[in-house]
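Taking it in order: structure first as C-alpha cells, then the write-up.
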Amino acid sequence: MAINAITVSTYQYYINGEWKESQSGQTIDIMSPYLYEVIGKVQALTKEEVDEIIGFAHTAQKEWAKTSLQERASYLYKWADELVSRQEEIADVIMREVGKSFKDAKNEVVRTADFIRYTIEEALHMHGESMRGDSFPGGSKQKVAIVDRVPLGVVLAISPFNYPVNLAAAKIAPALMAGNAVVFKPATQGSISGTKMIEALDEAGLPKGLVGLVTGKGSVIGDYLVEHKGINMISFTGGTNTGVALAKKAAMIPLVLELGGKDPGIVCEDANLNEAAKQIISGGFSYSGQRCTAIKRVLVHENVADELVALLKAEIEKLSVGSPEDGCTVVPLIDNKSADFVQILVADALGKGAEVVIGNKREHNLIHPTLLDNVTGDMRVAWEEPFGPVLPVIRVSSEEEAIKIANESEYGLQASIFTKDVNKAFSIANKIEAGSVQINGRTERGPDHFPFIGVKNSGIGVQGIRKSIESMTREKVTVLNLA
Ligand code: G3H
C-alpha cells in the first residue's frame with residue numbers, strides 16, 4: 001500500500017445533506033501523532049450552527065420514523081458497502097490521524113461495515129410483545145397490551161479518538177435503524193476519520209438533515225450540545241471525567257456512557273502461564289494500550305509470579321515498536337500530554353519501590369512497552385488508567401486478595417481470569433464487579449453483538465448491537481380493551 005503524500009485539506013461540516021464551511025471562519029488543526037505535522041483542518045462550529053443541525057435533525061426524524069425497517073436497511077447497506085469500497089482511503093486517514101497501524105485501521109473499517117450489517121439484520125428481526133391482563137390478580141383477558149418500541153428522537157453520538165470510525169458507527173447505525181436522527185460529534189482528534197465515514201454515509205443518499213456532523217471547540221460547543229433541549233439521548237464513549245461531567249449536565253435524558261477502565265488480568269496458581277502471558281500482552285499493549293478494554297494491571301499469585309513476569313517480558317520483547325506506517329503494535333501515543341501522564345505514573349511507582357522489568361524508555365510521545373513488577377497499592381499506577389503501554393504487576397497471596405484488589409478499583413469494565421479450573425473461574429467471576437469477565441482470554445469488546453457494559457465509573461447502560469438498539473428506543477404500550 002502506497003502511503004498518500006501528506007496534504008493539508010480543510011474539511012467541511014455536514015448539515016442538511018450539504019458540506020459547508022463554518023460562519024465562525026475558524027478551523028482546528030489536526031496534528032498527526034507520529035508525523036508531527038498538521039494533516040488537516042476541521043471546522044470550528046458556532047452555537048447557531050449547532051442549533052441549525054439539531055433543528056434539521058428533528059424535522060428529518062419525524063419523516064424517518066415513518067419509514068419501514070426495510071427502507072432504513074437499504075440506506076444502511078449502501079453505507080456499509082461504501083465503507084468497504086473506501087477501506088484503504090479511510091484506513092489511511094485513521095492511521096495518519098490517530099496513529100493506528102494501517103492493518104488495524106483497515107480492520108476497523110471492515111469491522112464497522114460488519115457492525116452496520118449485523119445491526120440492520122438485528123433490527124429487522126426485533127419485535128415487540130403482547131400481554132393479556134388476566135395474569136395479574138383481578139385482571140381480565142379482555143385487556144391486551146401491545147408493547148412496541150419507538151425511537152427517542154435526536155441522538156447525540158460522541159465518539160472517542162481511538163476507534164474514530166467503529167465507535168462512531170456503533171452509535172449511528174443502531175440510532176438510525178431505531179428511527180432516530182443523529183447529531184454526530186467526533187473527538188477532535190479523530191474528526192477527519194469521522195468526516196470520511198460521514199462522506200460514505202452521504203453516498204448512501206440518506207434523507208437530508210437526518211445526520212449532522214458537528215466539529216468544533218469543546219469550550220464553545222461542548223456543554224452547549226450536551227445541555228441542548230433538542231437532544232433526546234446521548235451515547236458517549238470517552239474518558240471518565242468527561243463522562244461524569246456530561247451526565248451531570250445532561251439531566252433528564254437517557255444516557256449510555258462507555259468510560260474508562262482498569263481491567264485486571266488475574267492469574268491463578270494453576271493457570272497455563274504461557275497462554276496467560278500471550279493474552280495479557282496482547283490485551284495490554286495492542287495500539288499502545290489506548291483501548292478502554294486494555295488489560296491495565298496483572299494480579300498474579302506470588303507462587304507463579306516470577307515465572308509469569310519472565311514470560312511477560314519475553315512476550316514484550318516480541319512486540320514491534322515504532323511507526324504505524326511500519327505496522328507496529330506499540331506506536332506513539334495520541335499526544336505528548338498522554339505520554340507525560342504515563343511517565344508520571346511510572347516515576348511515581350519507581351519512587352515507591354516498583355521495579356522496571358523492561359521498558360521505561362521514551363522518544364517524544366513514543367513510550368516503549370513497560371512492565372513494572374512489585375507494584376503495591378500505594379502507587380498511582382495500581383489504580384489509575386494510563387491509556388498507554390505500561391503494565392503493573394501486583395503480586396497477591398490468594399485468590400481472595402486478587403478479588404479484593406480487583407474490586408477496590410473505581411472502575412468495572414472487564415476482567416480476565418486465567419486458570420485451568422473452570423469451577424474456580426466461575427467462582428471468581430461471580431465475585432468480580434465488572435460488566436464482563438473473560439475466562440482464559442484477554443479483555444475485549446468484540447464480538448460486537450455481545451452485551452458490553454461498564455459498571456461503577458466505567459459507564460452507564462449497555463451496548464452491543466441489540467442492546468444499543470434497545471437503548472435508543474423506548475417501550476410504548478397501547479392497551480386494547482376488548483368488548
Ligand atoms: O476503547 C474502547 C473500545 O471499545 C475497545 O474495543 O476491545 O474491541 O478493542 P476493543
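So you can find residues: chains in the C-alpha cells are A, B, ... in the order shown, residues in each start at 1, and ligands are numbered from 1 in order.
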
Environment of ligand 1 within 10 Å, counting only C-alpha atoms and all ligand atoms, reported as number ranges by chain: A: 108, 111, 160-163, 166-167, 170, 237-239, 258-261, 283, 286-287, 289-295, 387, 414, 442-448, 452, 463

Could those selected residues go to a file with N, CA, C and O atoms, as a compact mmCIF listing (two decimals), in the first residue's frame?
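What follows is the written file result-v6.txt:
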```
# COMPACT_ATOMS: atom_id res chain seq x y z
N GLU A 108 -10.47 -2.00 11.32
CA GLU A 108 -11.52 -1.20 11.97
C GLU A 108 -12.63 -0.84 10.96
O GLU A 108 -13.82 -0.90 11.29
N ARG A 111 -14.57 -4.02 10.14
CA ARG A 111 -15.38 -4.37 11.32
C ARG A 111 -16.61 -3.46 11.41
O ARG A 111 -17.70 -3.88 11.79
N PRO A 160 -14.87 8.60 20.60
CA PRO A 160 -13.52 8.88 21.08
C PRO A 160 -12.48 8.83 19.95
O PRO A 160 -12.82 8.44 18.81
N PHE A 161 -11.23 9.14 20.28
CA PHE A 161 -10.21 9.16 19.23
C PHE A 161 -9.77 7.76 18.82
O PHE A 161 -9.32 7.54 17.71
N ASN A 162 -9.88 6.78 19.74
CA ASN A 162 -9.13 5.53 19.50
C ASN A 162 -9.77 4.60 18.47
O ASN A 162 -9.07 3.80 17.85
N TYR A 163 -11.09 4.67 18.33
CA TYR A 163 -11.78 3.94 17.25
C TYR A 163 -12.67 4.97 16.55
O TYR A 163 -13.89 4.95 16.72
N ASN A 166 -15.21 3.05 14.01
CA ASN A 166 -16.03 1.97 14.57
C ASN A 166 -16.92 2.44 15.71
O ASN A 166 -18.12 2.13 15.75
N LEU A 167 -16.35 3.19 16.65
CA LEU A 167 -17.16 3.58 17.81
C LEU A 167 -18.13 4.72 17.47
O LEU A 167 -19.06 4.97 18.24
N ALA A 170 -20.91 2.60 15.65
CA ALA A 170 -21.58 1.75 16.64
C ALA A 170 -22.67 2.50 17.39
O ALA A 170 -23.46 1.90 18.12
N THR A 237 -18.72 7.82 24.29
CA THR A 237 -17.57 6.99 24.67
C THR A 237 -16.39 7.92 24.85
O THR A 237 -16.09 8.73 23.95
N GLY A 238 -15.72 7.80 25.99
CA GLY A 238 -14.58 8.67 26.23
C GLY A 238 -14.11 8.54 27.67
O GLY A 238 -14.45 7.56 28.36
N GLY A 239 -13.42 9.54 28.13
CA GLY A 239 -12.83 9.48 29.47
C GLY A 239 -13.87 9.61 30.58
O GLY A 239 -14.95 10.20 30.38
N GLU A 258 -19.79 4.95 27.85
CA GLU A 258 -18.73 3.95 27.92
C GLU A 258 -17.46 4.71 28.28
O GLU A 258 -16.97 5.52 27.50
N LEU A 259 -16.94 4.47 29.49
CA LEU A 259 -15.87 5.32 30.02
C LEU A 259 -14.58 4.52 30.23
O LEU A 259 -14.32 3.57 29.51
N GLY A 260 -13.83 4.91 31.22
CA GLY A 260 -12.52 4.30 31.41
C GLY A 260 -12.58 2.92 32.05
O GLY A 260 -13.65 2.40 32.36
N GLY A 261 -11.41 2.34 32.22
CA GLY A 261 -11.33 1.03 32.85
C GLY A 261 -9.97 0.81 33.48
O GLY A 261 -9.02 1.58 33.25
N GLY A 283 -3.57 -8.09 25.22
CA GLY A 283 -4.60 -7.24 25.81
C GLY A 283 -4.06 -5.93 26.35
O GLY A 283 -4.74 -4.92 26.34
N SER A 286 -1.79 -3.82 22.69
CA SER A 286 -2.29 -3.51 21.34
C SER A 286 -2.59 -2.01 21.26
O SER A 286 -3.17 -1.46 22.22
N TYR A 287 -2.24 -1.41 20.17
CA TYR A 287 -2.43 0.02 19.95
C TYR A 287 -1.94 0.81 21.19
O TYR A 287 -2.60 1.71 21.69
N GLY A 289 -1.93 0.20 24.22
CA GLY A 289 -2.78 0.24 25.42
C GLY A 289 -3.83 1.32 25.38
O GLY A 289 -4.47 1.61 26.39
N GLN A 290 -4.05 1.92 24.20
CA GLN A 290 -5.04 3.00 24.09
C GLN A 290 -6.42 2.43 23.78
O GLN A 290 -7.08 2.81 22.82
N ARG A 291 -6.81 1.47 24.59
CA ARG A 291 -8.14 0.86 24.46
C ARG A 291 -8.79 0.87 25.84
O ARG A 291 -8.12 0.57 26.82
N CYS A 292 -10.09 1.19 25.85
CA CYS A 292 -10.76 1.18 27.16
C CYS A 292 -10.68 -0.20 27.77
O CYS A 292 -10.62 -0.35 28.99
N THR A 293 -10.66 -1.24 26.92
CA THR A 293 -10.67 -2.62 27.40
C THR A 293 -9.26 -3.22 27.51
O THR A 293 -9.14 -4.44 27.62
N ALA A 294 -8.24 -2.42 27.48
CA ALA A 294 -6.90 -2.99 27.62
C ALA A 294 -6.75 -3.61 29.02
O ALA A 294 -7.36 -3.12 29.98
N ILE A 295 -5.95 -4.66 29.13
CA ILE A 295 -5.59 -5.15 30.47
C ILE A 295 -4.66 -4.11 31.08
O ILE A 295 -3.64 -3.75 30.48
N PHE A 387 -3.79 4.60 29.89
CA PHE A 387 -4.11 4.71 28.45
C PHE A 387 -2.80 4.79 27.65
O PHE A 387 -2.63 5.62 26.76
N GLN A 414 -14.11 -4.61 32.44
CA GLN A 414 -13.96 -6.05 32.24
C GLN A 414 -12.85 -6.57 33.17
O GLN A 414 -12.14 -5.79 33.81
N ARG A 442 -8.15 -12.49 26.71
CA ARG A 442 -7.89 -11.09 27.00
C ARG A 442 -9.21 -10.31 27.09
O ARG A 442 -10.23 -10.75 26.53
N THR A 443 -9.18 -9.20 27.75
CA THR A 443 -10.36 -8.34 27.81
C THR A 443 -10.55 -7.67 26.45
O THR A 443 -9.59 -7.17 25.87
N GLU A 444 -11.76 -7.67 25.97
CA GLU A 444 -12.06 -7.02 24.68
C GLU A 444 -13.56 -6.87 24.51
O GLU A 444 -14.33 -7.61 25.07
N ARG A 445 -13.92 -5.89 23.70
CA ARG A 445 -15.34 -5.58 23.48
C ARG A 445 -15.99 -6.60 22.57
O ARG A 445 -17.13 -6.99 22.77
N GLY A 446 -15.28 -6.98 21.50
CA GLY A 446 -15.87 -7.85 20.50
C GLY A 446 -16.04 -9.28 20.98
O GLY A 446 -15.45 -9.65 22.01
N PRO A 447 -16.78 -10.14 20.27
CA PRO A 447 -17.55 -9.78 19.09
C PRO A 447 -18.65 -8.77 19.43
O PRO A 447 -19.20 -8.79 20.53
N ASP A 448 -18.95 -7.93 18.45
CA ASP A 448 -19.70 -6.71 18.73
C ASP A 448 -21.18 -6.92 19.05
O ASP A 448 -21.86 -5.96 19.39
N PHE A 452 -22.07 -5.17 26.07
CA PHE A 452 -20.84 -4.51 26.52
C PHE A 452 -21.24 -3.49 27.58
O PHE A 452 -21.98 -2.55 27.30
N GLN A 463 -24.21 -1.55 25.82
CA GLN A 463 -24.06 -1.53 24.36
C GLN A 463 -23.94 -2.97 23.86
O GLN A 463 -24.17 -3.92 24.61
```

Within range 11-120 of chain A, find each residue whose DSSP state, derived from the backbone, is strand (DSSP E or B), and express the selection as a list in words.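 Strand (DSSP E or B) assignments inside range 11-120 of chain A correspond to Tyr13, Tyr14, Ile15, Glu18, Trp19, Lys20, Thr27, Ile28, Asp29, Ile30, Met31, Val38, Ile39, Gly40, Lys41, Val42 and Gln43 of chain A.
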
As a PyMOL selection string, please: all residues of range 140-350 of chain A that backbone DSSP puts in helix (DSSP H, G or I). chain A and resi 166-177+191-203+218-226+240-250+273-289+302-317+324-326+336-350

Separation of CA of Lys103 in chain A from CA of Asp263 in chain A, in Å and rounded to one decimal: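 Taking CA of Lys103 in chain A and CA of Asp263 in chain A, their separation equals 25.3 Å.
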
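Using only C-alpha atoms, the smallest distance between any of A:Asn457, A:Glu385, A:Gly55, A:Ala181 and Glu410 in chain A comes from A:Asn457.
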
What are the nearest atom pairs, with distances in Å to one decimal, for all residues of range 255-338 of chain A that come at most 10 Å from range 359-363 of chain A, using only C-alpha atoms, set out by chain and rising residue number as CSV?
```
residue,atom,partner,partner_atom,distance
A:Lys313,CA,A:Gly359,CA,9.6
A:Ile316,CA,A:Gly359,CA,9.1
A:Glu317,CA,A:Gly359,CA,9.5
A:Gly322,CA,A:Glu363,CA,9.8
A:Pro332,CA,A:Glu363,CA,8.6
```

For N, CA and C atoms, I'd like the residues from the last selection saved as a PDB file, in the first residue's frame.
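Listing of result_10.pdb after writing:
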```
ATOM      1  N   LYS A 313       7.795 -10.646  30.025  1.00  0.00           N
ATOM      2  CA  LYS A 313       8.951  -9.913  29.471  1.00  0.00           C
ATOM      3  C   LYS A 313       9.286 -10.472  28.081  1.00  0.00           C
ATOM      4  N   ILE A 316       6.830  -9.268  25.595  1.00  0.00           N
ATOM      5  CA  ILE A 316       7.019  -7.835  25.284  1.00  0.00           C
ATOM      6  C   ILE A 316       8.184  -7.659  24.303  1.00  0.00           C
ATOM      7  N   GLU A 317       9.206  -8.475  24.484  1.00  0.00           N
ATOM      8  CA  GLU A 317      10.372  -8.374  23.590  1.00  0.00           C
ATOM      9  C   GLU A 317       9.995  -8.657  22.130  1.00  0.00           C
ATOM     10  N   GLY A 322       7.272   1.371  17.153  1.00  0.00           N
ATOM     11  CA  GLY A 322       7.698   2.394  16.192  1.00  0.00           C
ATOM     12  C   GLY A 322       6.521   3.016  15.467  1.00  0.00           C
ATOM     13  N   PRO A 332       3.445   5.709  18.750  1.00  0.00           N
ATOM     14  CA  PRO A 332       3.398   6.927  19.569  1.00  0.00           C
ATOM     15  C   PRO A 332       1.985   7.166  20.110  1.00  0.00           C
TER      16      PRO A 332
END
```

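Shortest atom-to-atom contact with Ile428 in chain A among A:Leu372, A:Ala145, A:Ala80, A:Cys268: A:Cys268, counting only C-alpha atoms.
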
Close residues, Leu371 in chain A itself excluded, 10 Å, only C-alpha atoms, min 3 positions apart in chain, as JSON, numbers by chain: {"A": [281, 297, 309, 312, 313, 316, 346, 355, 356, 357, 358, 359, 360, 368, 389, 390, 391, 392, 393]}

Output file for the residues above (C-alpha atoms, as an mmCIF file, in the first residue's frame):
```cif
data_model
loop_
_atom_site.group_PDB
_atom_site.id
_atom_site.type_symbol
_atom_site.label_atom_id
_atom_site.label_comp_id
_atom_site.auth_asym_id
_atom_site.auth_seq_id
_atom_site.Cartn_x
_atom_site.Cartn_y
_atom_site.Cartn_z
ATOM 1 C CA ILE A 281 0.468 -8.777 26.491
ATOM 2 C CA ARG A 297 -2.980 -4.442 35.770
ATOM 3 C CA VAL A 309 6.932 -11.998 34.841
ATOM 4 C CA LEU A 312 5.516 -11.410 30.067
ATOM 5 C CA LYS A 313 8.951 -9.913 29.471
ATOM 6 C CA ILE A 316 7.019 -7.835 25.284
ATOM 7 C CA VAL A 346 5.840 5.223 36.112
ATOM 8 C CA GLU A 355 10.900 -2.311 39.568
ATOM 9 C CA VAL A 356 11.184 -1.882 35.819
ATOM 10 C CA VAL A 357 11.341 -5.316 34.190
ATOM 11 C CA ILE A 358 11.556 -3.881 30.701
ATOM 12 C CA GLY A 359 10.870 -0.543 29.030
ATOM 13 C CA ASN A 360 10.597 2.876 30.627
ATOM 14 C CA HIS A 368 8.363 1.742 24.859
ATOM 15 C CA PRO A 389 1.849 0.947 27.180
ATOM 16 C CA VAL A 390 2.607 0.366 30.845
ATOM 17 C CA LEU A 391 1.524 -2.704 32.746
ATOM 18 C CA PRO A 392 1.843 -3.023 36.534
ATOM 19 C CA VAL A 393 2.240 -6.445 38.142
#
```

Just checking: using only C-alpha atoms, which residue out of A:Leu225, A:Ile234, A:Ala169, A:Met131 ends up closest to Val110 in chain A? A:Ala169

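The interatomic distance for the pair CA of Val331 in chain A and CA of Pro369 in chain A works out to 9.6 Å.
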
Mind checking which residues fall within 9 Å of Thr478 in chain A, counting only C-alpha atoms, ignoring those fewer than 2 positions away in the same chain, and posting them as a PyMOL selection string? chain A and resi 144-148+476+480

Counting only C-alpha atoms, which residues of range 238-340 of chain A fall within 8 Å of range 13-36 of chain A, and what is the closest atom pair for each with its distance in Å at one decimal, ordered by chain and rising number, as a tab-separated table?
```
residue	atom	partner	partner_atom	distance
A:Ser323	CA	A:Tyr34	CA	7.0
A:Pro332	CA	A:Tyr34	CA	6.1
A:Leu333	CA	A:Pro33	CA	6.7
A:Ile334	CA	A:Pro33	CA	5.3
A:Asp335	CA	A:Pro33	CA	5.8
```

Taking 6 positions as the minimum chain separation for residues in the same chain, which residues sit within 8 Å of Ile460 in chain A when counting only C-alpha atoms? Answer as a PyMOL selection string. chain A and resi 255-258+453-454

Can I get the selected residues back with C-alpha atoms, as an mmCIF file, in the first residue's frame?
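Output contents, as saved in result_24.cif:
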```
data_model
loop_
_atom_site.group_PDB
_atom_site.id
_atom_site.type_symbol
_atom_site.label_atom_id
_atom_site.label_comp_id
_atom_site.auth_asym_id
_atom_site.auth_seq_id
_atom_site.Cartn_x
_atom_site.Cartn_y
_atom_site.Cartn_z
ATOM 1 C CA LEU A 255 -27.590 8.214 28.578
ATOM 2 C CA VAL A 256 -25.278 5.436 27.527
ATOM 3 C CA LEU A 257 -21.739 6.088 28.676
ATOM 4 C CA GLU A 258 -18.728 3.950 27.924
ATOM 5 C CA ILE A 453 -21.269 -2.988 29.954
ATOM 6 C CA GLY A 454 -19.310 -0.739 32.254
#
```

List the neighbours of Glu475 in chain A out to 12 Å using only C-alpha atoms; skip same-chain residues closer than 3 positions along the sequence, and give me the result as a list in words. His127, Gly128, Glu129, Ser130, Ala145, Ile146, Val147, Asp148, Arg149, Val150, Pro151, Leu152, Ala178, Ile469, Glu470, Ser471, Met472 and Thr478 of chain A

Write the residues of the selection above to a file with all heavy atoms, as a short mmCIF file (atom, residue, chain, number, x, y, z; two decimals), in the first residue's frame.
```cif
data_model
loop_
_atom_site.label_atom_id
_atom_site.label_comp_id
_atom_site.auth_asym_id
_atom_site.auth_seq_id
_atom_site.Cartn_x
_atom_site.Cartn_y
_atom_site.Cartn_z
N HIS A 127 -38.76 -7.58 17.56
CA HIS A 127 -40.21 -7.38 17.55
C HIS A 127 -40.69 -7.10 18.96
O HIS A 127 -40.02 -7.40 19.95
CB HIS A 127 -40.92 -8.59 16.95
CG HIS A 127 -40.48 -9.89 17.54
ND1 HIS A 127 -40.86 -10.31 18.78
CD2 HIS A 127 -39.63 -10.83 17.07
CE1 HIS A 127 -40.30 -11.47 19.05
NE2 HIS A 127 -39.53 -11.81 18.03
N GLY A 128 -41.88 -6.56 19.04
CA GLY A 128 -42.46 -6.25 20.34
C GLY A 128 -43.14 -7.47 20.93
O GLY A 128 -42.88 -8.61 20.55
N GLU A 129 -44.02 -7.22 21.91
CA GLU A 129 -44.74 -8.34 22.53
C GLU A 129 -46.15 -7.88 22.88
O GLU A 129 -46.45 -6.69 22.86
CB GLU A 129 -44.00 -8.82 23.79
CG GLU A 129 -43.84 -7.75 24.84
CD GLU A 129 -43.20 -8.29 26.12
OE1 GLU A 129 -43.02 -9.50 26.26
OE2 GLU A 129 -42.91 -7.46 27.00
N SER A 130 -47.00 -8.87 23.13
CA SER A 130 -48.32 -8.52 23.64
C SER A 130 -48.55 -9.25 24.95
O SER A 130 -47.94 -10.30 25.20
CB SER A 130 -49.40 -8.88 22.61
OG SER A 130 -49.48 -10.28 22.48
N ALA A 145 -52.31 -5.68 26.11
CA ALA A 145 -51.28 -4.63 25.96
C ALA A 145 -50.39 -4.98 24.77
O ALA A 145 -49.88 -6.10 24.67
CB ALA A 145 -50.44 -4.52 27.22
N ILE A 146 -50.25 -4.04 23.87
CA ILE A 146 -49.31 -4.22 22.74
C ILE A 146 -48.08 -3.38 23.08
O ILE A 146 -48.18 -2.15 23.22
CB ILE A 146 -49.96 -3.77 21.42
CG1 ILE A 146 -51.21 -4.61 21.15
CG2 ILE A 146 -48.97 -3.87 20.26
CD1 ILE A 146 -52.18 -3.98 20.21
N VAL A 147 -46.96 -4.08 23.27
CA VAL A 147 -45.74 -3.39 23.70
C VAL A 147 -44.81 -3.27 22.49
O VAL A 147 -44.33 -4.27 21.96
CB VAL A 147 -45.04 -4.15 24.85
CG1 VAL A 147 -43.87 -3.33 25.39
CG2 VAL A 147 -46.03 -4.50 25.96
N ASP A 148 -44.58 -2.05 22.09
CA ASP A 148 -43.80 -1.78 20.88
C ASP A 148 -42.57 -0.97 21.28
O ASP A 148 -42.47 -0.48 22.40
CB ASP A 148 -44.70 -0.96 19.95
CG ASP A 148 -44.26 -1.07 18.51
OD1 ASP A 148 -43.28 -1.78 18.23
OD2 ASP A 148 -44.90 -0.40 17.66
N ARG A 149 -41.65 -0.79 20.34
CA ARG A 149 -40.51 0.10 20.61
C ARG A 149 -40.58 1.29 19.66
O ARG A 149 -40.80 1.10 18.47
CB ARG A 149 -39.18 -0.65 20.41
CG ARG A 149 -38.88 -1.58 21.55
CD ARG A 149 -37.41 -1.97 21.62
NE ARG A 149 -37.16 -2.59 22.89
CZ ARG A 149 -36.76 -1.93 23.99
NH1 ARG A 149 -36.54 -0.64 23.94
NH2 ARG A 149 -36.58 -2.57 25.12
N VAL A 150 -40.37 2.48 20.21
CA VAL A 150 -40.41 3.69 19.38
C VAL A 150 -39.10 4.45 19.55
O VAL A 150 -38.44 4.34 20.59
CB VAL A 150 -41.62 4.59 19.75
CG1 VAL A 150 -42.93 3.89 19.42
CG2 VAL A 150 -41.59 4.99 21.22
N PRO A 151 -38.72 5.23 18.53
CA PRO A 151 -37.45 5.98 18.63
C PRO A 151 -37.52 7.07 19.69
O PRO A 151 -38.60 7.50 20.10
CB PRO A 151 -37.28 6.58 17.24
CG PRO A 151 -38.61 6.47 16.57
CD PRO A 151 -39.37 5.39 17.23
N LEU A 152 -36.34 7.54 20.09
CA LEU A 152 -36.27 8.58 21.13
C LEU A 152 -36.28 9.98 20.52
O LEU A 152 -36.66 10.93 21.18
CB LEU A 152 -34.99 8.40 21.95
CG LEU A 152 -34.92 7.09 22.75
CD1 LEU A 152 -33.56 6.95 23.45
CD2 LEU A 152 -36.04 7.00 23.78
N ALA A 178 -33.20 2.36 14.55
CA ALA A 178 -34.29 2.51 15.53
C ALA A 178 -35.23 3.66 15.19
O ALA A 178 -36.21 3.87 15.87
CB ALA A 178 -33.69 2.71 16.92
N ILE A 469 -29.47 -0.91 20.14
CA ILE A 469 -30.75 -0.55 19.51
C ILE A 469 -31.79 -0.31 20.60
O ILE A 469 -32.52 0.69 20.58
CB ILE A 469 -31.23 -1.66 18.53
CG1 ILE A 469 -30.22 -1.84 17.39
CG2 ILE A 469 -32.61 -1.32 17.98
CD1 ILE A 469 -30.48 -3.06 16.51
N GLU A 470 -31.83 -1.21 21.58
CA GLU A 470 -32.81 -1.05 22.66
C GLU A 470 -32.59 0.26 23.42
O GLU A 470 -33.54 0.93 23.81
CB GLU A 470 -32.70 -2.23 23.64
CG GLU A 470 -33.31 -3.49 23.07
CD GLU A 470 -33.13 -4.72 23.97
OE1 GLU A 470 -32.54 -4.60 25.06
OE2 GLU A 470 -33.57 -5.79 23.56
N SER A 471 -31.30 0.61 23.60
CA SER A 471 -31.02 1.83 24.39
C SER A 471 -31.44 3.09 23.64
O SER A 471 -31.55 4.16 24.25
CB SER A 471 -29.52 1.90 24.72
OG SER A 471 -28.79 2.30 23.58
N MET A 472 -31.65 2.97 22.34
CA MET A 472 -32.02 4.15 21.55
C MET A 472 -33.50 4.15 21.18
O MET A 472 -33.93 4.86 20.26
CB MET A 472 -31.13 4.22 20.31
CG MET A 472 -29.71 4.57 20.72
SD MET A 472 -28.55 4.29 19.42
CE MET A 472 -27.07 5.01 20.13
N THR A 478 -49.68 0.16 24.07
CA THR A 478 -51.04 0.53 23.67
C THR A 478 -51.96 -0.57 24.19
O THR A 478 -51.72 -1.75 23.93
CB THR A 478 -51.15 0.60 22.13
OG1 THR A 478 -50.09 1.43 21.66
CG2 THR A 478 -52.48 1.18 21.68
#
```

Which residue is closest to Ala175 in chain A? Choose from A:Ser458, A:Ser397, A:Asn232, A:Asn374 and count only C-alpha atoms.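 Counting only C-alpha atoms, the residue closest to Ala175 in chain A is A:Asn232.
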
If I take CA of Leu345 in chain A and CA of Ile432 in chain A, how far is one from the other in Å, to one decimal?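 Between CA of Leu345 in chain A and CA of Ile432 in chain A the gap works out to 25.2 Å.
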
Which residue out of A:Ser436, A:Ser9, A:Ser320, A:Gln61 has the minimum interatomic distance to Leu413 in chain A when only C-alpha atoms are used? A:Ser436

Option closest in space to Asp306 in chain A, from A:Leu273, A:Ile54, A:Met95, A:Val321 [counting only C-alpha atoms]: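 When distances to Asp306 in chain A are compared using only C-alpha atoms, the smallest one comes from A:Leu273.
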